[in-house]
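As stored in query15.cif (mmCIF, C-alpha atoms):
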data_my_file
#
loop_
_atom_site.label_atom_id
_atom_site.label_comp_id
_atom_site.auth_asym_id
_atom_site.auth_seq_id
_atom_site.Cartn_x
_atom_site.Cartn_y
_atom_site.Cartn_z
CA MET I 1 0.00 0.00 0.00
CA SER I 2 1.38 3.40 -0.97
CA LEU I 3 1.71 6.28 1.50
CA THR I 4 -1.27 7.99 -0.11
CA GLY I 5 -3.23 4.78 0.28
CA ARG I 6 -2.34 4.54 3.96
CA LEU I 7 -3.26 8.19 4.60
CA THR I 8 -6.69 7.74 3.00
CA ASN I 9 -7.49 4.18 4.07
CA ILE I 10 -6.90 5.08 7.72
CA PHE I 11 -10.42 6.57 7.55
CA VAL I 12 -12.18 3.53 6.10
CA SER I 13 -10.06 0.43 6.76
CA PRO I 14 -7.46 1.15 9.47
CA GLY I 15 -7.11 -2.54 10.30
CA GLU I 16 -5.88 -3.22 6.78
CA VAL I 17 -3.40 -0.33 7.04
CA PHE I 18 -1.95 -1.56 10.33
CA GLU I 19 -1.89 -5.19 9.20
CA GLY I 20 0.18 -4.19 6.18
CA MET I 21 2.63 -2.32 8.42
CA ARG I 22 3.05 -5.04 11.05
CA ASN I 23 5.81 -7.05 9.41
CA ARG I 24 7.44 -4.21 7.49
CA PRO I 25 10.38 -2.09 8.70
CA PRO I 26 9.36 1.23 10.30
CA ALA I 27 9.10 4.11 7.82
CA VAL I 28 9.53 7.71 8.97
CA VAL I 29 7.10 9.00 6.32
CA ASN I 30 4.26 7.10 8.00
CA TRP I 31 4.29 9.50 10.94
CA LEU I 32 6.19 12.54 9.70
CA VAL I 33 3.93 13.35 6.74
CA PRO I 34 0.59 13.22 8.64
CA MET I 35 2.16 15.12 11.54
CA LEU I 36 3.27 17.90 9.19
CA ILE I 37 -0.17 17.99 7.56
CA TYR I 38 -1.76 18.28 11.01
CA ALA I 39 0.67 21.07 11.96
CA VAL I 40 -0.09 23.05 8.79
CA VAL I 41 -3.86 22.67 9.22
CA GLY I 42 -3.54 23.71 12.87
CA ALA I 43 -1.45 26.78 12.06
CA ILE I 44 -3.82 27.89 9.31
CA SER I 45 -6.78 27.36 11.64
CA MET I 46 -5.19 29.61 14.26
CA LEU I 47 -4.60 32.35 11.67
CA ILE I 48 -8.24 32.22 10.58
CA ILE I 49 -9.77 31.89 14.05
CA PHE I 50 -7.83 34.80 15.51
CA SER I 51 -8.76 36.93 12.54
CA GLN I 52 -12.37 36.84 13.76
CA PRO I 53 -13.22 40.00 15.76
CA ALA I 54 -15.91 38.10 17.67
CA ILE I 55 -13.37 35.56 18.91
CA ILE I 56 -10.92 38.24 20.07
CA GLN I 57 -13.76 40.08 21.81
CA GLN I 58 -14.80 36.83 23.49
CA ILE I 59 -11.27 36.35 24.83
CA HIS I 60 -11.15 39.90 26.19
CA GLU I 61 -14.55 39.46 27.86
CA GLN I 62 -13.39 36.24 29.52
CA GLN I 63 -10.26 37.97 30.79
CA ALA I 64 -12.29 40.88 32.17
CA ALA I 65 -14.76 38.50 33.85
CA ALA I 66 -11.92 36.56 35.50
CA LEU I 67 -10.38 39.76 36.87
CA ASP I 68 -13.75 41.05 38.08
CA LYS I 69 -14.20 37.84 40.05
CA GLN I 70 -10.81 38.32 41.71
CA VAL I 71 -11.81 41.86 42.65
CA LYS I 72 -15.09 40.60 44.18
CA ASP I 73 -13.19 37.90 46.06
CA GLY I 74 -10.84 40.53 47.48
CA LYS I 75 -7.76 39.13 45.79
CA LEU I 76 -7.18 42.28 43.69
CA THR I 77 -8.07 45.93 43.95
CA GLN I 78 -9.94 47.54 41.09
CA ALA I 79 -6.84 49.53 40.14
CA GLN I 80 -4.75 46.36 40.01
CA ALA I 81 -7.41 44.63 37.91
CA ASP I 82 -7.54 47.54 35.46
CA GLN I 83 -3.75 47.48 35.11
CA ALA I 84 -3.72 43.71 34.63
CA LEU I 85 -6.46 43.95 32.00
CA GLN I 86 -4.46 46.51 30.03
CA MET I 87 -1.44 44.20 30.07
CA LEU I 88 -3.52 41.21 29.02
CA GLU I 89 -5.06 43.10 26.12
CA LYS I 90 -1.57 43.96 24.84
CA PHE I 91 -0.68 40.27 24.73
CA SER I 92 -4.03 39.04 23.40
CA GLY I 93 -4.33 41.14 20.28
CA PRO I 94 -5.01 39.43 16.93
CA THR I 95 -1.37 39.45 15.77
CA THR I 96 0.02 38.08 19.02
CA MET I 97 -2.68 35.41 19.24
CA LYS I 98 -2.02 34.33 15.66
CA ILE I 99 1.70 33.95 16.32
CA PHE I 100 1.36 32.06 19.60
CA GLY I 101 -1.56 30.02 18.29
CA SER I 102 0.29 28.95 15.16
CA VAL I 103 3.48 28.06 17.03
CA GLY I 104 1.43 26.19 19.61
CA ALA I 105 -0.36 24.23 16.88
CA VAL I 106 2.94 23.16 15.29
CA LEU I 107 4.53 22.14 18.59
CA GLY I 108 1.32 20.54 19.79
CA SER I 109 1.08 18.31 16.72
CA ALA I 110 4.54 16.86 17.42
CA VAL I 111 3.89 16.44 21.14
CA ARG I 112 0.57 14.72 20.51
CA VAL I 113 2.03 12.16 18.10
CA LEU I 114 5.02 11.35 20.31
CA TRP I 115 2.93 11.20 23.48
CA TRP I 116 0.30 8.85 22.01
CA ALA I 117 3.06 6.66 20.59
CA PHE I 118 4.60 6.44 24.07
CA ILE I 119 1.24 5.60 25.67
CA LEU I 120 0.47 2.90 23.08
CA TRP I 121 3.96 1.45 23.56
CA LEU I 122 3.42 1.34 27.33
CA MET I 123 0.06 -0.35 26.86
CA ALA I 124 1.61 -2.98 24.61
CA THR I 125 4.55 -3.56 26.94
CA LEU I 126 2.96 -3.39 30.39
CA ILE I 127 -0.64 -4.48 29.82
CA VAL I 128 -0.71 -6.66 26.71
CA LYS I 129 2.79 -7.99 27.54
CA THR I 130 3.96 -7.82 23.92
CA LYS I 131 7.16 -6.20 22.73
CA VAL I 132 6.47 -3.76 19.91
CA PRO I 133 9.16 -1.28 18.74
CA TYR I 134 8.41 2.30 19.73
CA GLN I 135 8.93 3.28 16.08
CA LYS I 136 5.92 1.15 15.16
CA MET I 137 3.73 2.93 17.65
CA ILE I 138 4.86 6.28 16.26
CA GLU I 139 3.58 5.09 12.88
CA VAL I 140 0.21 4.20 14.43
CA ALA I 141 -0.02 7.55 16.23
CA GLY I 142 1.09 9.45 13.14
CA LEU I 143 -1.26 7.85 10.65
CA THR I 144 -4.18 8.14 13.08
CA THR I 145 -3.50 11.89 13.21
CA MET I 146 -5.19 12.15 9.80
CA ILE I 147 -8.49 11.82 11.65
CA LEU I 148 -7.58 14.93 13.63
CA VAL I 149 -6.73 16.72 10.40
CA LEU I 150 -10.32 16.22 9.29
CA GLY I 151 -11.49 17.11 12.78
CA GLY I 152 -9.45 20.30 12.71
CA VAL I 153 -11.13 21.44 9.50
CA VAL I 154 -14.59 20.73 10.94
CA THR I 155 -13.72 22.50 14.21
CA LEU I 156 -12.48 25.52 12.27
CA LEU I 157 -15.75 25.73 10.37
CA LEU I 158 -17.79 25.38 13.57
CA THR I 159 -15.73 28.06 15.31
CA VAL I 160 -16.18 30.53 12.46
CA ILE I 161 -19.89 29.78 12.14
CA THR I 162 -20.73 29.88 15.86
CA SER I 163 -18.04 32.37 16.99
CA LYS I 164 -17.43 30.08 19.99
CA LEU I 165 -13.82 29.35 20.90
CA GLY I 166 -13.21 25.67 21.70
CA ILE I 167 -16.46 24.37 20.18
CA THR I 168 -16.32 20.89 18.64
CA LEU I 169 -18.57 18.39 16.85
CA SER I 170 -19.94 17.18 20.17
CA PRO I 171 -22.91 17.47 22.55
CA ALA I 172 -21.54 20.93 23.42
CA LEU I 173 -23.07 22.19 20.18
CA VAL I 174 -26.53 22.20 21.79
CA LEU I 175 -25.39 24.62 24.51
CA SER I 176 -26.50 28.18 23.84
CA ASN I 177 -24.11 29.61 26.46
CA TYR I 178 -21.04 27.46 25.80
CA ASP I 179 -18.18 28.59 28.07
CA ILE I 180 -14.65 27.21 27.65
CA LYS I 181 -14.00 27.86 31.37
CA ASN I 182 -16.95 25.69 32.44
CA LYS I 183 -15.71 22.15 33.24
CA ALA I 184 -19.06 20.55 32.43
CA HIS I 185 -19.07 22.26 29.04
CA LEU I 186 -15.48 21.15 28.41
CA ALA I 187 -16.43 17.57 29.26
CA LEU I 188 -19.17 17.66 26.64
CA ALA I 189 -16.81 19.25 24.10
CA ALA I 190 -14.20 16.54 24.76
CA LEU I 191 -16.77 13.97 23.60
CA ASN I 192 -16.35 15.15 20.03
CA ALA I 193 -16.78 12.69 17.21
CA PHE I 194 -13.15 12.87 16.11
CA ASN I 195 -11.73 12.15 19.58
CA LEU I 196 -13.93 9.05 19.80
CA TRP I 197 -13.06 8.04 16.25
CA GLN I 198 -9.37 8.34 17.01
CA VAL I 199 -9.72 6.15 20.11
CA VAL I 200 -11.37 3.47 17.98
CA VAL I 201 -8.55 3.58 15.43
CA PHE I 202 -5.84 3.60 18.12
CA ALA I 203 -7.41 0.41 19.47
CA SER I 204 -7.26 -1.14 16.01
CA GLY I 205 -3.54 -0.32 15.77
CA LEU I 206 -2.82 -1.70 19.23
CA ALA I 207 -4.72 -4.90 18.46
CA ARG I 208 -3.07 -5.49 15.09
CA LEU I 209 0.49 -4.87 16.27
CA THR I 210 0.23 -6.87 19.49
CA GLY I 211 -2.10 -9.66 18.43
CA THR I 212 -4.55 -9.01 21.26
CA THR I 213 -8.29 -8.89 20.66
CA TYR I 214 -9.84 -5.67 19.41
CA THR I 215 -12.29 -5.61 22.32
CA ARG I 216 -9.46 -5.72 24.85
CA ALA I 217 -7.48 -3.07 22.99
CA LEU I 218 -10.51 -0.77 22.82
CA LEU I 219 -11.12 -1.20 26.54
CA ILE I 220 -7.49 -0.35 27.37
CA VAL I 221 -7.32 2.73 25.12
CA GLY I 222 -10.82 3.88 26.06
CA ILE I 223 -10.17 3.76 29.80
CA TYR I 224 -6.93 5.70 29.40
CA TRP I 225 -8.60 8.36 27.24
CA VAL I 226 -11.46 8.85 29.70
CA LEU I 227 -9.13 9.14 32.69
CA PHE I 228 -6.70 11.46 30.90
CA SER I 229 -9.48 13.74 29.63
CA ALA I 230 -11.10 13.89 33.08
CA PHE I 231 -7.73 14.75 34.66
CA CYS I 232 -7.03 17.55 32.16
CA ILE I 233 -10.46 19.08 32.67
CA SER I 234 -10.31 18.82 36.46
CA VAL I 235 -6.96 20.62 36.73
CA GLY I 236 -7.87 23.35 34.26
CA MET I 237 -6.06 21.95 31.21
CA GLY I 238 -9.21 21.53 29.15
CA GLN I 239 -7.47 22.27 25.85
CA PHE I 240 -5.54 18.99 26.17
CA ALA I 241 -8.82 17.12 26.62
CA LEU I 242 -10.21 18.75 23.49
#
Translate this structure into structure tokens?
Amino acid sequence: MSLTGRLTNIFVSPGEVFEGMRNRPPAVVNWLVPMLIYAVVGAISMLIIFSQPAIIQQIHEQQAAALDKQVKDGKLTQAQADQALQMLEKFSGPTTMKIFGSVGAVLGSAVRVLWWAFILWLMATLIVKTKVPYQKMIEVAGLTTMILVLGGVVTLLLTVITSKLGITLSPALVLSNYDIKNKAHLALAALNAFNLWQVVVFASGLARLTGTTYTRALLIVGIYWVLFSAFCISVGMGQFAL
């Protein structure tokens, strides 16, 4: 199967893709190409999202609301809050947000691929008790990233249409007052179709490369994803859950 075939078939027949990779030497293109595609889509998304005046206004309103709460709680004086808000607005203008957002998207794409590869390798080694080269798990994590590429495009469209930062193809769409600081809202947003789809495909890769049953692999990956997402949301790192 060609690289193009692997990148496209990961959507419709991931088991066939992973089966074809199992007894072949690791190939860098299998993870590097989809990771670069994901990085480019992420960077472009940040440029478009932070070009929306409504999104920038939403960020400023959230910052002002957070400072107002600290003033009401007695943690800041009004003068300190006003000064802090002026500083925040300097660093949350469209240009600055585009730069930091784009750099974050590029770095985040690499971290996500390497982290999932590490987690899948640990699952294979410690739980399934099967030795699988880490390079193979990077291939699984990289190719599966193509699902997030599609998810990124859909999320971009939803963000532009709804003017809601952090919105996803999830139950959060039905919320009229979606708030990215609300943990319950973040939990609903984390249940987006592409996160769930990726978990299913990760399980297929783990099953094919280790020889375990798909049901067992799905249970292992699913439990990890639920626990990790819940942890991120509970400690205020909701973006990682999304």
Identify, on the basis of only C-alpha atoms, every residue whose closest approach to Gly104 in chain I does not exceed 9 Å; exclude the query and any residue fewer than 5 positions from it along the same chain; express the result as a PDB file with C-alpha atoms, keeping the file's coordinate frame.
ATOM      1  CA  GLY I  42      -3.540  23.710  12.870  1.00  0.00           C
ATOM      2  CA  ALA I  43      -1.450  26.780  12.060  1.00  0.00           C
ATOM      3  CA  ILE I  99       1.700  33.950  16.320  1.00  0.00           C
ATOM      4  CA  SER I 109       1.080  18.310  16.720  1.00  0.00           C
TER       5      SER I 109
END
Please evaluate the PyMOL selection byres ((chain I and resi 126-134) around 10) against the structure above and give the resulting residues as a list in words. Arg22, Pro26, Leu114, Ala117, Phe118, Ile119, Leu120, Trp121, Leu122, Met123, Ala124, Thr125, Gln135, Lys136, Met137, Ile138, Glu139, Val140, Leu206, Ala207, Leu209, Thr210, Gly211, Thr212, Thr213, Arg216, Ala217 and Ile220 of chain I
Give me, as a PDB file with C-alpha atoms, keeping the file's coordinate frame, all polymer residues having an atom no more than 7 Å from Gly142 in chain I, counting only C-alpha atoms and skipping those fewer than 5 positions away in the same chain.
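Full text of part_14.pdb as output:
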ATOM      1  CA  ASN I  30       4.260   7.100   8.000  1.00  0.00           C
ATOM      2  CA  TRP I  31       4.290   9.500  10.940  1.00  0.00           C
ATOM      3  CA  LEU I  32       6.190  12.540   9.700  1.00  0.00           C
ATOM      4  CA  PRO I  34       0.590  13.220   8.640  1.00  0.00           C
ATOM      5  CA  MET I  35       2.160  15.120  11.540  1.00  0.00           C
ATOM      6  CA  VAL I 113       2.030  12.160  18.100  1.00  0.00           C
TER       7      VAL I 113
END
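Summary of the local environment: counting all atoms listed in the file, residues at most 10 Å from Leu157 in chain I, other than itself and those fewer than 6 positions away along its chain, are Ser45, Ile48, Ile49, Gly151, Ser163, Ile167 and Thr168 of chain I.
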Excluding Met46 in chain I and its own-chain neighbours fewer than 3 positions away, which residues fall within 10 Å of it when counting only C-alpha atoms? Please give them as an MDAnalysis selection string. chainID I and resid 40:43 49:51 97:105 156
Could you state which residues are captured by the PyMOL selection byres ((chain I and resi 196) around 12) in this file, as a list in words? Thr144, Ile147, Leu148, Gly151, Leu169, Ser170, Ala189, Ala190, Leu191, Asn192, Ala193, Phe194, Asn195, Trp197, Gln198, Val199, Val200, Val201, Phe202, Ala203, Leu218, Val221, Gly222, Ile223, Trp225, Val226, Ser229, Ala241 and Leu242 of chain I
May I ask for the distance between CA of Leu36 in chain I and CA of Arg208 in chain I, given in Å to one decimal place? 24.9 Å
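Candidate residues I:Leu67, I:Met21, I:Val160, I:Gln80 were compared for distance to Leu47 in chain I, and the nearest is I:Val160, using all atoms listed in the file.
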Axis-aligned box for range 133-136 of chain I, 8 Å per side, centre and edges in Å as lines of an AutoDock Vina configuration file:
center_x = 7.5
center_y = 1.0
center_z = 17.4
size_x = 19.2
size_y = 20.6
size_z = 20.6
Atom completion result for range 63-94 of chain I (N, CA and C atoms) as an mmCIF file, in the frame of the given file:
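Writing the result to part-v6.cif gives the following:
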data_model
loop_
_atom_site.group_PDB
_atom_site.id
_atom_site.type_symbol
_atom_site.label_atom_id
_atom_site.label_comp_id
_atom_site.auth_asym_id
_atom_site.auth_seq_id
_atom_site.Cartn_x
_atom_site.Cartn_y
_atom_site.Cartn_z
ATOM 1 N N GLN I 63 -11.325 37.431 29.939
ATOM 2 C CA GLN I 63 -10.260 37.970 30.790
ATOM 3 C C GLN I 63 -10.820 38.979 31.778
ATOM 4 N N ALA I 64 -11.691 39.858 31.295
ATOM 5 C CA ALA I 64 -12.290 40.880 32.170
ATOM 6 C C ALA I 64 -13.145 40.232 33.251
ATOM 7 N N ALA I 65 -13.900 39.193 32.883
ATOM 8 C CA ALA I 65 -14.760 38.500 33.850
ATOM 9 C C ALA I 65 -13.923 37.824 34.935
ATOM 10 N N ALA I 66 -12.787 37.233 34.530
ATOM 11 C CA ALA I 66 -11.920 36.560 35.500
ATOM 12 C C ALA I 66 -11.324 37.574 36.489
ATOM 13 N N LEU I 67 -10.937 38.736 35.984
ATOM 14 C CA LEU I 67 -10.380 39.760 36.870
ATOM 15 C C LEU I 67 -11.444 40.357 37.782
ATOM 16 N N ASP I 68 -12.652 40.538 37.253
ATOM 17 C CA ASP I 68 -13.750 41.050 38.080
ATOM 18 C C ASP I 68 -14.038 40.108 39.242
ATOM 19 N N LYS I 69 -13.955 38.826 38.986
ATOM 20 C CA LYS I 69 -14.200 37.840 40.050
ATOM 21 C C LYS I 69 -13.135 37.949 41.139
ATOM 22 N N GLN I 70 -11.880 38.177 40.722
ATOM 23 C CA GLN I 70 -10.810 38.320 41.710
ATOM 24 C C GLN I 70 -10.994 39.589 42.549
ATOM 25 N N VAL I 71 -11.534 40.625 41.906
ATOM 26 C CA VAL I 71 -11.810 41.860 42.650
ATOM 27 C C VAL I 71 -12.915 41.606 43.675
ATOM 28 N N LYS I 72 -13.982 40.906 43.272
ATOM 29 C CA LYS I 72 -15.090 40.600 44.180
ATOM 30 C C LYS I 72 -14.638 39.700 45.316
ATOM 31 N N ASP I 73 -13.684 38.813 45.032
ATOM 32 C CA ASP I 73 -13.190 37.900 46.060
ATOM 33 C C ASP I 73 -12.147 38.563 46.970
ATOM 34 N N GLY I 74 -11.798 39.807 46.653
ATOM 35 C CA GLY I 74 -10.840 40.530 47.480
ATOM 36 C C GLY I 74 -9.392 40.200 47.198
ATOM 37 N N LYS I 75 -9.140 39.506 46.108
ATOM 38 C CA LYS I 75 -7.760 39.130 45.790
ATOM 39 C C LYS I 75 -7.022 40.244 45.050
ATOM 40 N N LEU I 76 -7.768 41.148 44.407
ATOM 41 C CA LEU I 76 -7.180 42.280 43.690
ATOM 42 C C LEU I 76 -7.992 43.527 43.974
ATOM 43 N N THR I 77 -7.330 44.670 43.905
ATOM 44 C CA THR I 77 -8.070 45.930 43.950
ATOM 45 C C THR I 77 -8.529 46.253 42.523
ATOM 46 N N GLN I 78 -9.454 47.186 42.407
ATOM 47 C CA GLN I 78 -9.940 47.540 41.090
ATOM 48 C C GLN I 78 -8.824 48.144 40.243
ATOM 49 N N ALA I 79 -7.956 48.920 40.866
ATOM 50 C CA ALA I 79 -6.840 49.530 40.140
ATOM 51 C C ALA I 79 -5.891 48.449 39.622
ATOM 52 N N GLN I 80 -5.611 47.447 40.443
ATOM 53 C CA GLN I 80 -4.750 46.360 40.010
ATOM 54 C C GLN I 80 -5.393 45.568 38.867
ATOM 55 N N ALA I 81 -6.695 45.361 38.960
ATOM 56 C CA ALA I 81 -7.410 44.630 37.910
ATOM 57 C C ALA I 81 -7.378 45.396 36.596
ATOM 58 N N ASP I 82 -7.569 46.718 36.672
ATOM 59 C CA ASP I 82 -7.540 47.540 35.460
ATOM 60 C C ASP I 82 -6.160 47.492 34.800
ATOM 61 N N GLN I 83 -5.120 47.531 35.633
ATOM 62 C CA GLN I 83 -3.750 47.480 35.110
ATOM 63 C C GLN I 83 -3.467 46.112 34.488
ATOM 64 N N ALA I 84 -3.924 45.065 35.155
ATOM 65 C CA ALA I 84 -3.720 43.710 34.630
ATOM 66 C C ALA I 84 -4.468 43.521 33.320
ATOM 67 N N LEU I 85 -5.671 44.084 33.229
ATOM 68 C CA LEU I 85 -6.460 43.950 32.000
ATOM 69 C C LEU I 85 -5.775 44.644 30.832
ATOM 70 N N GLN I 86 -5.180 45.803 31.096
ATOM 71 C CA GLN I 86 -4.460 46.510 30.030
ATOM 72 C C GLN I 86 -3.277 45.683 29.541
ATOM 73 N N MET I 87 -2.568 45.042 30.454
ATOM 74 C CA MET I 87 -1.440 44.200 30.070
ATOM 75 C C MET I 87 -1.913 42.984 29.265
ATOM 76 N N LEU I 88 -2.993 42.379 29.711
ATOM 77 C CA LEU I 88 -3.520 41.210 29.020
ATOM 78 C C LEU I 88 -3.961 41.560 27.601
ATOM 79 N N GLU I 89 -4.578 42.695 27.435
ATOM 80 C CA GLU I 89 -5.060 43.100 26.120
ATOM 81 C C GLU I 89 -3.895 43.331 25.147
ATOM 82 N N LYS I 90 -2.744 43.770 25.697
ATOM 83 C CA LYS I 90 -1.570 43.960 24.840
ATOM 84 C C LYS I 90 -1.069 42.629 24.295
ATOM 85 N N PHE I 91 -1.192 41.579 25.123
ATOM 86 C CA PHE I 91 -0.680 40.270 24.730
ATOM 87 C C PHE I 91 -1.756 39.348 24.144
ATOM 88 N N SER I 92 -2.962 39.856 23.985
ATOM 89 C CA SER I 92 -4.030 39.040 23.400
ATOM 90 C C SER I 92 -4.669 39.726 22.210
ATOM 91 N N GLY I 93 -3.865 40.546 21.522
ATOM 92 C CA GLY I 93 -4.330 41.140 20.280
ATOM 93 C C GLY I 93 -4.299 40.106 19.168
ATOM 94 N N PRO I 94 -4.942 40.386 18.046
ATOM 95 C CA PRO I 94 -5.010 39.430 16.930
ATOM 96 C C PRO I 94 -3.646 38.933 16.458
#
